[in-house]
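**Q** Input structure: coords-v4.cif, which contains mmCIF, C-alpha atoms (C1' of nucleotides).
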data_final
#
loop_
_atom_site.label_atom_id
_atom_site.label_comp_id
_atom_site.auth_asym_id
_atom_site.auth_seq_id
_atom_site.Cartn_x
_atom_site.Cartn_y
_atom_site.Cartn_z
CA MET A 1 -3.84 -7.29 2.69
CA LYS A 2 -0.76 -7.45 0.53
CA ILE A 3 2.85 -8.13 1.28
CA SER A 4 4.93 -5.47 -0.43
CA THR A 5 7.74 -6.16 -2.88
CA LYS A 6 10.20 -5.58 -0.07
CA GLY A 7 9.02 -8.66 1.76
CA ARG A 8 8.52 -10.75 -1.33
CA TYR A 9 11.86 -9.87 -2.85
CA ALA A 10 13.65 -10.32 0.45
CA LEU A 11 12.33 -13.84 0.76
CA ARG A 12 13.24 -14.78 -2.80
CA VAL A 13 16.70 -13.37 -2.38
CA MET A 14 17.35 -15.17 0.87
CA VAL A 15 16.36 -18.43 -0.77
CA ASP A 16 18.52 -17.61 -3.77
CA ILE A 17 21.53 -17.13 -1.53
CA ALA A 18 20.73 -20.21 0.53
CA GLU A 19 20.81 -22.31 -2.63
CA ARG A 20 24.49 -21.50 -3.28
CA ARG A 21 27.54 -22.61 -1.37
CA SER A 22 27.31 -21.29 2.15
CA ASP A 23 30.89 -20.00 2.32
CA GLU A 24 30.73 -18.18 -0.99
CA TYR A 25 29.98 -14.49 -1.34
CA ILE A 26 27.27 -13.82 -3.91
CA LYS A 27 27.32 -10.42 -5.48
CA LEU A 28 24.21 -8.33 -5.67
CA ALA A 29 24.35 -7.96 -9.45
CA ASP A 30 24.06 -11.72 -9.88
CA ILE A 31 21.10 -12.00 -7.56
CA ALA A 32 19.41 -9.06 -9.23
CA GLU A 33 19.81 -10.68 -12.60
CA ARG A 34 18.59 -14.13 -11.56
CA GLN A 35 15.65 -12.73 -9.65
CA ASP A 36 14.93 -10.04 -12.21
CA ILE A 37 14.97 -7.21 -9.71
CA SER A 38 16.54 -3.80 -10.23
CA GLU A 39 20.01 -3.68 -8.67
CA LYS A 40 19.46 -0.35 -7.03
CA TYR A 41 16.18 -1.37 -5.50
CA LEU A 42 17.69 -4.58 -4.23
CA GLU A 43 20.43 -2.70 -2.45
CA GLY A 44 17.93 -1.26 -0.03
CA ILE A 45 16.47 -4.65 0.69
CA LEU A 46 19.79 -6.39 1.20
CA SER A 47 20.84 -3.51 3.39
CA SER A 48 17.93 -4.23 5.72
CA MET A 49 18.85 -7.91 5.80
CA THR A 50 22.41 -7.01 6.71
CA LYS A 51 21.35 -4.62 9.44
CA ALA A 52 19.07 -7.30 10.81
CA GLY A 53 22.00 -9.66 11.07
CA LEU A 54 20.60 -12.13 8.56
CA LEU A 55 23.18 -11.47 5.88
CA HIS A 56 26.83 -10.60 5.96
CA GLY A 57 28.17 -8.28 3.32
CA LEU A 58 31.74 -8.09 2.08
CA ARG A 59 32.90 -5.00 0.21
CA GLY A 60 35.32 -4.68 -2.65
CA LYS A 61 36.23 -6.93 -5.53
CA GLY A 62 35.17 -10.51 -4.95
CA GLY A 63 32.74 -9.32 -2.33
CA GLY A 64 29.04 -9.89 -2.03
CA TYR A 65 26.66 -11.37 0.47
CA ARG A 66 26.29 -14.62 2.33
CA LEU A 67 23.93 -15.83 5.02
CA ALA A 68 24.91 -14.81 8.53
CA LEU A 69 23.05 -17.81 10.00
CA ALA A 70 22.31 -21.35 8.92
CA PRO A 71 19.29 -21.37 6.62
CA ASP A 72 17.33 -23.58 8.98
CA ARG A 73 17.74 -20.96 11.67
CA ILE A 74 16.23 -18.17 9.60
CA THR A 75 12.46 -18.12 9.53
CA ALA A 76 10.41 -16.61 6.74
CA GLY A 77 8.63 -14.55 9.36
CA ARG A 78 11.84 -12.95 10.50
CA VAL A 79 12.90 -12.09 6.95
CA ILE A 80 9.56 -10.58 6.07
CA ARG A 81 9.24 -8.64 9.30
CA GLU A 82 12.70 -7.16 8.87
CA ALA A 83 12.05 -6.22 5.26
CA GLU A 84 8.52 -5.03 5.80
CA GLY A 85 8.81 -3.43 9.22
CA SER A 86 5.98 -5.33 10.86
CA LEU A 87 3.28 -7.80 10.05
CA ALA A 88 0.59 -5.96 11.97
CA PRO A 89 -2.62 -6.08 9.92
CA VAL A 90 -3.76 -2.72 11.29
CA THR A 91 -1.66 0.33 12.00
CA CYS A 92 -2.79 0.69 15.59
CA LEU A 93 -1.02 -2.56 16.49
CA ALA A 94 2.33 -1.37 15.17
CA SER A 95 3.00 0.87 18.15
CA SER A 96 2.57 -0.12 21.73
CA PRO A 97 0.90 1.04 23.77
CA ASN A 98 -1.92 1.33 21.30
CA GLN A 99 -2.46 4.98 20.40
CA CYS A 100 -5.97 4.60 19.02
CA PRO A 101 -8.53 6.47 21.13
CA ARG A 102 -11.05 3.71 20.48
CA ALA A 103 -8.72 0.93 21.55
CA ALA A 104 -10.12 0.60 25.07
CA ASP A 105 -13.47 -0.76 23.97
CA CYS A 106 -12.84 -1.60 20.35
CA LYS A 107 -14.80 -4.73 19.55
CA THR A 108 -12.57 -5.65 16.66
CA LEU A 109 -9.15 -5.09 18.20
CA PRO A 110 -8.78 -8.60 19.66
CA LEU A 111 -9.49 -10.03 16.23
CA TRP A 112 -6.62 -8.07 14.73
CA GLN A 113 -4.33 -9.12 17.55
CA GLY A 114 -5.30 -12.70 16.91
CA LEU A 115 -4.72 -12.32 13.21
CA GLU A 116 -1.27 -10.91 13.74
CA LYS A 117 -0.44 -13.85 15.99
CA ALA A 118 -1.74 -16.32 13.45
CA VAL A 119 0.24 -14.79 10.64
CA ASN A 120 3.44 -14.65 12.63
CA ALA A 121 3.00 -18.19 13.86
CA TYR A 122 2.54 -19.50 10.35
CA LEU A 123 5.48 -17.62 8.87
CA ASP A 124 7.74 -18.47 11.77
CA SER A 125 7.03 -22.13 11.24
CA ILE A 126 8.81 -22.04 7.89
CA THR A 127 12.54 -21.58 7.44
CA ILE A 128 14.63 -20.52 4.49
CA ALA A 129 15.98 -24.07 4.41
CA ASP A 130 12.44 -25.39 3.96
CA LEU A 131 11.97 -23.10 1.01
CA ALA A 132 15.36 -23.67 -0.59
CA ASP A 133 15.50 -27.43 -0.82
CA GLY A 134 11.86 -27.68 -0.12
CA GLY A 135 9.52 -29.19 -2.50
CA ALA A 136 6.35 -27.31 -1.88
CA ASP A 137 4.62 -29.70 0.40
CA ASN A 138 6.94 -30.48 3.22
CA TYR A 139 5.77 -27.33 4.93
CA CYS A 140 2.53 -26.38 3.26
CA ILE A 141 -0.45 -26.67 5.55
CA MET B 1 0.50 -6.34 5.15
CA LYS B 2 -2.29 -4.00 6.08
CA ILE B 3 -6.03 -4.34 5.98
CA SER B 4 -7.45 -1.21 4.36
CA THR B 5 -10.06 1.03 5.92
CA LYS B 6 -12.68 -0.69 3.80
CA GLY B 7 -12.22 -3.96 5.60
CA ARG B 8 -11.76 -2.43 9.02
CA TYR B 9 -14.73 -0.12 8.75
CA ALA B 10 -16.90 -2.87 7.31
CA LEU B 11 -16.19 -5.08 10.28
CA ARG B 12 -16.87 -2.35 12.82
CA VAL B 13 -20.08 -1.44 11.09
CA MET B 14 -21.34 -5.00 10.93
CA VAL B 15 -20.73 -5.35 14.64
CA ASP B 16 -22.42 -2.03 15.28
CA ILE B 17 -25.52 -3.20 13.48
CA ALA B 18 -25.44 -6.61 15.14
CA GLU B 19 -25.53 -4.92 18.52
CA ARG B 20 -28.96 -3.36 17.85
CA ARG B 21 -32.31 -5.04 17.59
CA SER B 22 -32.25 -7.43 14.67
CA ASP B 23 -35.57 -6.33 13.17
CA GLU B 24 -34.78 -2.65 13.32
CA TYR B 25 -33.40 -0.67 10.38
CA ILE B 26 -30.39 1.39 11.37
CA LYS B 27 -29.71 4.42 9.27
CA LEU B 28 -26.31 5.09 7.85
CA ALA B 29 -26.02 8.52 9.44
CA ASP B 30 -26.28 6.99 12.90
CA ILE B 31 -23.66 4.38 12.20
CA ALA B 32 -21.37 6.97 10.67
CA GLU B 33 -21.67 9.14 13.75
CA ARG B 34 -21.14 6.35 16.26
CA GLN B 35 -18.22 4.91 14.37
CA ASP B 36 -16.82 8.29 13.41
CA ILE B 37 -16.65 7.55 9.71
CA SER B 38 -17.60 9.95 6.92
CA GLU B 39 -21.16 9.25 5.75
CA LYS B 40 -20.28 9.40 2.10
CA TYR B 41 -17.36 7.06 2.46
CA LEU B 42 -19.46 4.63 4.45
CA GLU B 43 -22.06 4.48 1.70
CA GLY B 44 -19.62 2.73 -0.58
CA ILE B 45 -18.77 0.19 2.08
CA LEU B 46 -22.36 -0.56 3.03
CA SER B 47 -23.17 -0.85 -0.64
CA SER B 48 -20.65 -3.67 -0.96
CA MET B 49 -22.14 -5.40 2.08
CA THR B 50 -25.60 -5.14 0.55
CA LYS B 51 -24.45 -6.49 -2.81
CA ALA B 52 -22.76 -9.36 -1.01
CA GLY B 53 -26.06 -10.25 0.64
CA LEU B 54 -24.82 -9.54 4.14
CA LEU B 55 -26.98 -6.49 4.72
CA HIS B 56 -30.44 -5.53 3.63
CA GLY B 57 -31.13 -1.88 2.88
CA LEU B 58 -34.48 -0.15 3.04
CA ARG B 59 -34.96 3.16 1.25
CA GLY B 60 -37.03 6.13 2.24
CA LYS B 61 -37.99 7.64 5.54
CA GLY B 62 -37.55 5.21 8.40
CA GLY B 63 -35.22 3.17 6.25
CA GLY B 64 -31.70 2.03 6.94
CA TYR B 65 -29.81 -1.23 7.12
CA ARG B 66 -30.18 -4.49 8.96
CA LEU B 67 -28.32 -7.78 8.83
CA ALA B 68 -29.47 -10.10 6.09
CA LEU B 69 -28.26 -13.14 8.07
CA ALA B 70 -28.02 -14.08 11.71
CA PRO B 71 -24.82 -12.62 13.16
CA ASP B 72 -23.50 -16.06 14.05
CA ARG B 73 -23.72 -17.00 10.38
CA ILE B 74 -21.59 -14.12 9.19
CA THR B 75 -17.87 -14.68 9.52
CA ALA B 76 -15.35 -11.89 9.83
CA GLY B 77 -13.54 -13.43 6.88
CA ARG B 78 -16.55 -13.07 4.64
CA VAL B 79 -17.08 -9.44 5.60
CA ILE B 80 -13.47 -8.51 5.06
CA ARG B 81 -13.16 -10.39 1.78
CA GLU B 82 -16.28 -8.71 0.41
CA ALA B 83 -15.11 -5.27 1.48
CA GLU B 84 -11.51 -5.77 0.51
CA GLY B 85 -11.83 -7.89 -2.60
CA SER B 86 -9.53 -10.71 -1.56
CA LEU B 87 -7.21 -11.67 1.23
CA ALA B 88 -4.44 -12.92 -1.04
CA PRO B 89 -1.11 -11.77 0.41
CA VAL B 90 0.45 -11.54 -3.04
CA THR B 91 -1.14 -10.31 -6.25
CA CYS B 92 -0.32 -13.41 -8.22
CA LEU B 93 -2.71 -15.43 -6.07
CA ALA B 94 -5.66 -13.17 -6.76
CA SER B 95 -6.20 -14.55 -10.26
CA SER B 96 -6.30 -18.18 -11.15
CA PRO B 97 -4.65 -19.66 -12.99
CA ASN B 98 -1.59 -17.87 -11.71
CA GLN B 99 -0.36 -15.41 -14.35
CA CYS B 100 3.14 -14.99 -12.97
CA PRO B 101 5.77 -16.31 -15.40
CA ARG B 102 7.84 -17.46 -12.43
CA ALA B 103 4.98 -19.39 -10.84
CA ALA B 104 5.98 -22.80 -12.18
CA ASP B 105 9.13 -23.04 -10.12
CA CYS B 106 8.71 -20.24 -7.65
CA LYS B 107 10.18 -21.40 -4.36
CA THR B 108 8.11 -19.00 -2.34
CA LEU B 109 4.69 -19.49 -3.93
CA PRO B 110 3.59 -22.38 -1.69
CA LEU B 111 4.37 -20.25 1.33
CA TRP B 112 2.03 -17.53 0.11
CA GLN B 113 -0.67 -20.06 -0.62
CA GLY B 114 -0.27 -21.42 2.87
CA LEU B 115 -0.43 -17.95 4.35
CA GLU B 116 -3.62 -17.14 2.51
CA LYS B 117 -5.15 -20.34 3.84
CA ALA B 118 -4.05 -19.58 7.37
CA VAL B 119 -5.46 -16.07 7.25
CA ASN B 120 -8.78 -17.16 5.83
CA ALA B 121 -9.06 -20.01 8.28
CA TYR B 122 -8.49 -17.72 11.22
CA LEU B 123 -10.88 -15.03 10.07
CA ASP B 124 -13.54 -17.55 9.13
CA SER B 125 -13.39 -19.00 12.61
CA ILE B 126 -14.78 -15.78 14.05
CA THR B 127 -18.32 -14.54 13.54
CA ILE B 128 -19.91 -11.16 13.93
CA ALA B 129 -21.79 -12.60 16.89
CA ASP B 130 -18.49 -13.45 18.57
CA LEU B 131 -17.36 -9.88 18.14
CA ALA B 132 -20.63 -8.22 19.12
CA ASP B 133 -21.38 -9.83 22.45
CA GLY B 134 -17.91 -11.13 22.69
CA GLY B 135 -15.66 -10.19 25.41
CA ALA B 136 -12.30 -10.36 23.78
CA ASP B 137 -11.23 -13.76 24.80
CA ASN B 138 -13.87 -16.19 23.82
CA TYR B 139 -12.38 -16.30 20.35
CA CYS B 140 -8.86 -15.01 20.72
CA ILE B 141 -6.25 -17.65 20.03
"C1'" DC C 1 49.79 2.39 -5.47
"C1'" DA C 2 46.53 3.28 -8.91
"C1'" DA C 3 42.55 1.20 -10.93
"C1'" DT C 4 38.65 -1.27 -10.31
"C1'" DA C 5 34.83 -3.75 -8.27
"C1'" DA C 6 32.04 -4.31 -5.04
"C1'" DA C 7 28.94 -2.91 -0.84
"C1'" DC C 8 26.93 1.01 1.53
"C1'" DA C 9 24.28 5.57 2.09
"C1'" DT C 10 21.05 9.25 1.10
"C1'" DA C 11 17.94 12.02 -1.58
"C1'" DT C 12 14.53 12.44 -4.91
"C1'" DC C 13 10.83 11.29 -8.18
"C1'" DG C 14 6.65 9.37 -10.52
"C1'" DG C 15 2.55 7.00 -10.40
"C1'" DA C 16 -0.94 4.01 -8.66
"C1'" DA C 17 -4.00 3.01 -5.26
"C1'" DA C 18 -6.28 4.33 -1.04
"C1'" DA C 19 -9.23 7.57 1.20
"C1'" DG C 20 -12.46 10.79 1.02
"C1'" DT C 21 -15.91 14.40 -1.51
"C1'" DA C 22 -19.46 16.06 -4.49
"C1'" DT C 23 -23.51 15.74 -7.08
"C1'" DG C 24 -27.38 13.70 -8.35
"C1'" DT C 25 -31.16 9.77 -8.58
"C1'" DT C 26 -34.46 6.65 -6.79
"C1'" DT C 27 -37.70 4.92 -3.40
"C1'" DA C 28 -40.39 5.00 0.48
"C1'" DT C 29 -42.90 7.42 4.32
"C1'" DT C 30 -45.75 11.18 6.26
"C1'" DA D 1 -46.36 17.25 -2.18
"C1'" DA D 2 -42.54 17.24 0.95
"C1'" DT D 3 -39.11 14.89 3.10
"C1'" DA D 4 -35.85 11.29 4.46
"C1'" DA D 5 -33.54 7.79 3.48
"C1'" DA D 6 -30.67 4.42 0.37
"C1'" DC D 7 -28.35 4.05 -4.05
"C1'" DA D 8 -25.14 5.45 -7.96
"C1'" DT D 9 -21.38 7.67 -10.33
"C1'" DA D 10 -17.70 10.75 -11.01
"C1'" DC D 11 -14.18 13.34 -9.18
"C1'" DT D 12 -10.35 14.98 -6.04
"C1'" DT D 13 -6.91 14.61 -2.78
"C1'" DT D 14 -3.43 12.30 -0.29
"C1'" DT D 15 -0.44 8.80 0.84
"C1'" DC D 16 3.00 5.61 0.07
"C1'" DC D 17 5.10 2.09 -2.84
"C1'" DG D 18 8.44 1.16 -6.09
"C1'" DA D 19 12.09 2.81 -8.35
"C1'" DT D 20 16.06 5.80 -9.73
"C1'" DA D 21 20.02 8.83 -9.25
"C1'" DT D 22 24.17 10.26 -7.24
"C1'" DG D 23 27.75 9.69 -4.47
"C1'" DT D 24 30.95 7.33 -0.66
"C1'" DT D 25 33.59 3.74 1.39
"C1'" DT D 26 36.18 -0.51 1.41
"C1'" DA D 27 38.60 -4.23 -0.40
"C1'" DT D 28 41.14 -6.64 -4.20
"C1'" DT D 29 44.30 -6.89 -8.06
"C1'" DG D 30 47.62 -5.93 -11.56
#
Would you mind writing the structure in this file as structure tokens?
**A**
Amino acid sequence: MKISTKGRYALRVMVDIAERRSDEYIKLADIAERQDISEKYLEGILSSMTKAGLLHGLRGKGGGYRLALAPDRITAGRVIREAEGSLAPVTCLASSPNQCPRAADCKTLPLWQGLEKAVNAYLDSITIADLADGGADNYCI
Amino acid sequence: MKISTKGRYALRVMVDIAERRSDEYIKLADIAERQDISEKYLEGILSSMTKAGLLHGLRGKGGGYRLALAPDRITAGRVIREAEGSLAPVTCLASSPNQCPRAADCKTLPLWQGLEKAVNAYLDSITIADLADGGADNYCI
DNA sequence: CAATAAACATATCGGAAAAGTATGTTTATT
DNA sequence: AATAAACATACTTTTCCGATATGTTTATTG
């Protein structure tokens, strides 16, 4: 039941960017250094954020990344889902319709559906803005 | 963000047992067949349930497993935690005190703590009894 | 306009953990 | 004594995460 580094790094990086001036382009190398993440590995993660429309990248000298949306309009759930692919706790929920032959009368399926809902609801209740200027407990349940 | 087969199988198996007569010992081979899980692999999972005090095993001919507690006193959360080890969404939460050097001023840590709480709260709100006789929606949120 | 600095793209690799197997031991029943 | 079950441990296989390597494109700057 672990979030992979993709999701964790993505979240840290989004917060890192949100903490700087919103009109400034932050280059990947700087983020990588501050967050202690390999540049090359980060590229893949930032690429997914860009494709998802959460970041905007600018090439060439003086380029870098900045948020594509206001930080209070980006939820943690969105960031993690984009980085991670899905927050489904079991594989059979990732594709719909459910491919599992047992799905029809699986006694545990509704529990997993409920769990996915609960997880998404929690993570979507928190924005990057909450995390950036947030002291811990203005969003912690 | 996946639950491993240990947790998923454990839950299915606990429900399977709860659906039979409570005083009867169900043998592993039967469960394995019904649930379509390799016997040998199941042994490890049932062993963890037994150690956790959720099942009681009886050796020898006519032996098998039965619940050690009433099904409405066994939460899904407990089963999954015992099978899986922990439901912490990030490794750094698994050991306390937190070993991560960044923990002190990690902007994302409180979010992970909150997520762990939310997950546990949801899964602890559902019992094996709910799942066994449950039609889907008397516990689905 | 050449040199440089950045993002962007794709392929590959190593290793750890998950998933499953194999072999053997103990305990109870018949 | 024979058999059927749980229990225990060690091993193998497979999958996928995390990371690296190499190269391309686009913008700035001197």
**Q** Expanded to explicit residues, what is the PyMOL selection byres ((chain D) within 12 of (chain B)) for this file, as a PDB file with C-alpha atoms (C1' of nucleotides), keeping the file's coordinate frame?
**A**
ATOM      1  C1'  DA D   2     -42.540  17.240   0.950  1.00  0.00           C
ATOM      2  C1'  DT D   3     -39.110  14.890   3.100  1.00  0.00           C
ATOM      3  C1'  DA D   4     -35.850  11.290   4.460  1.00  0.00           C
ATOM      4  C1'  DA D   5     -33.540   7.790   3.480  1.00  0.00           C
ATOM      5  C1'  DA D   6     -30.670   4.420   0.370  1.00  0.00           C
ATOM      6  C1'  DC D   7     -28.350   4.050  -4.050  1.00  0.00           C
ATOM      7  C1'  DA D   8     -25.140   5.450  -7.960  1.00  0.00           C
ATOM      8  C1'  DT D   9     -21.380   7.670 -10.330  1.00  0.00           C
TER       9       DT D   9
END
**Q** I need the residue nearest Ile37 in chain B from this list: C:DA9, C:DA19, C:DC1, C:DA28. Use all atoms listed in the file for the distance.
**A**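 With all atoms listed in the file as the atom set, the closest residue is C:DA19.
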**Q** So that each row is one residue of chain C with an atom at most 7 Å from chain A, can you give its shortest atom pair and the distance in Å to one decimal, using all atoms listed in the file, rows by chain and rising number, as a Markdown table?
**A**
| residue | atom | partner | partner_atom | distance |
| --- | --- | --- | --- | --- |
| C:DA5 | C1' | A:Lys61 | CA | 4.4 |
| C:DA6 | C1' | A:Gly60 | CA | 4.1 |
| C:DA7 | C1' | A:Arg59 | CA | 4.6 |
**Q** Would you write out, as a tab-separated table, a table of all residues in chain B that have an atom no more than 7 Å from an atom of chain A, listing for each the closest atom pair and the distance in Å to one decimal, considering all atoms listed in the file and ordering rows by chain and rising residue number?
**A**
residue	atom	partner	partner_atom	distance
B:Met1	CA	A:Ile3	CA	4.9
B:Lys2	CA	A:Pro89	CA	4.4
B:Ile3	CA	A:Met1	CA	4.9
B:Arg12	CA	A:Thr108	CA	6.6
B:Leu87	CA	A:Met1	CA	5.7
B:Ala88	CA	A:Lys2	CA	6.8
B:Pro89	CA	A:Lys2	CA	4.3
B:Val90	CA	A:Lys2	CA	5.6
B:Lys107	CA	A:Leu131	CA	5.9
B:Thr108	CA	A:Leu131	CA	6.6
B:Pro110	CA	A:Ala136	CA	5.7
B:Leu111	CA	A:Cys140	CA	6.7
B:Gly114	CA	A:Cys140	CA	5.7
B:Leu115	CA	A:Tyr122	CA	6.9
B:Val119	CA	A:Val119	CA	6.8
B:Tyr122	CA	A:Leu115	CA	6.9
B:Leu131	CA	A:Lys107	CA	5.9
B:Ala132	CA	A:Lys107	CA	6.8
B:Ala136	CA	A:Pro110	CA	5.7
B:Cys140	CA	A:Gly114	CA	5.7
B:Ile141	CA	A:Gly114	CA	5.9
**Q** Write out as a PyMOL selection string which residues come within 10 Å of DT20 in chain D when counting only C-alpha atoms (C1' of nucleotides), dropping same-chain ones fewer than 3 positions away.
**A** (chain A and resi 38+40-41) or (chain C and resi 12-13)
**Q** I need the residue nearest Glu19 in chain B from this list: B:Leu54, B:Leu67, B:Ile80, B:Cys100. Use all atoms listed in the file for the distance.
**A**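 Among the listed residues, B:Leu67 lies closest to Glu19 in chain B.
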**Q** Quote the spacing between CA of Arg21 in chain B and CA of Val79 in chain B in Å to one decimal place.
**A**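 It comes out at 19.9 Å.
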**Q** So the first atom is CA of Ile45 in chain A and the second is CA of Gln99 in chain B; what is the distance between them in Å, to one decimal place?
**A**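 CA of Ile45 in chain A sits 25.0 Å away from CA of Gln99 in chain B.
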**Q** Can you tell me which residues surround Leu69 in chain B at a distance of at most 12 Å, considering all atoms listed in the file, apart from same-chain residues fewer than 4 positions away, and format the answer as number ranges by chain?
**A** B: 14, 17-18, 22-23, 49-50, 52-56, 73-75, 127-129
**Q** Can you measure C1' of DA1 in chain D to C1' of DT25 in chain C for me? One decimal in Å is fine.
**A**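 These two atoms are separated by 18.1 Å.
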**Q** Padding of 6 Å on every side, edges along x, y and z, all listed atoms of range 10-29 of chain D included: what centre and edge lengths in Å, to one decimal, does that box have, as JSON?
**A**
{"center_x": 13.3, "center_y": 4.0, "center_z": -4.8, "size_x": 74.0, "size_y": 33.9, "size_z": 24.4}
**Q** Given all atoms listed in the file as the basis, pick out the residue of C:DA18, C:DA3, C:DT26, C:DT10 nearest to DC17 in chain D.
**A**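 Between C:DA18, C:DA3, C:DT26, C:DT10, the residue approaching DC17 in chain D most closely is C:DA18.
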**Q** Which polymer residues, whether protein, DNA or RNA, lie within 10 Å of the coordinate (27.0, 7.9, -5.5) when you count only C-alpha atoms (C1' of nucleotides)? List them as a short mmCIF file (atom, residue, chain, number, x, y, z; two decimals) with C-alpha atoms (C1' of nucleotides), in the frame of the given file, using the chain letters and numbers from the file.
**A**
data_model
loop_
_atom_site.label_atom_id
_atom_site.label_comp_id
_atom_site.auth_asym_id
_atom_site.auth_seq_id
_atom_site.Cartn_x
_atom_site.Cartn_y
_atom_site.Cartn_z
"C1'" DC C 8 26.93 1.01 1.53
"C1'" DA C 9 24.28 5.57 2.09
"C1'" DT C 10 21.05 9.25 1.10
"C1'" DA D 21 20.02 8.83 -9.25
"C1'" DT D 22 24.17 10.26 -7.24
"C1'" DG D 23 27.75 9.69 -4.47
"C1'" DT D 24 30.95 7.33 -0.66
#
**Q** Enumerate, as a count of residues only, the residues matched when the PyMOL selection byres ((chain D and resi 11) around 12) is run on the file above.
**A** 8
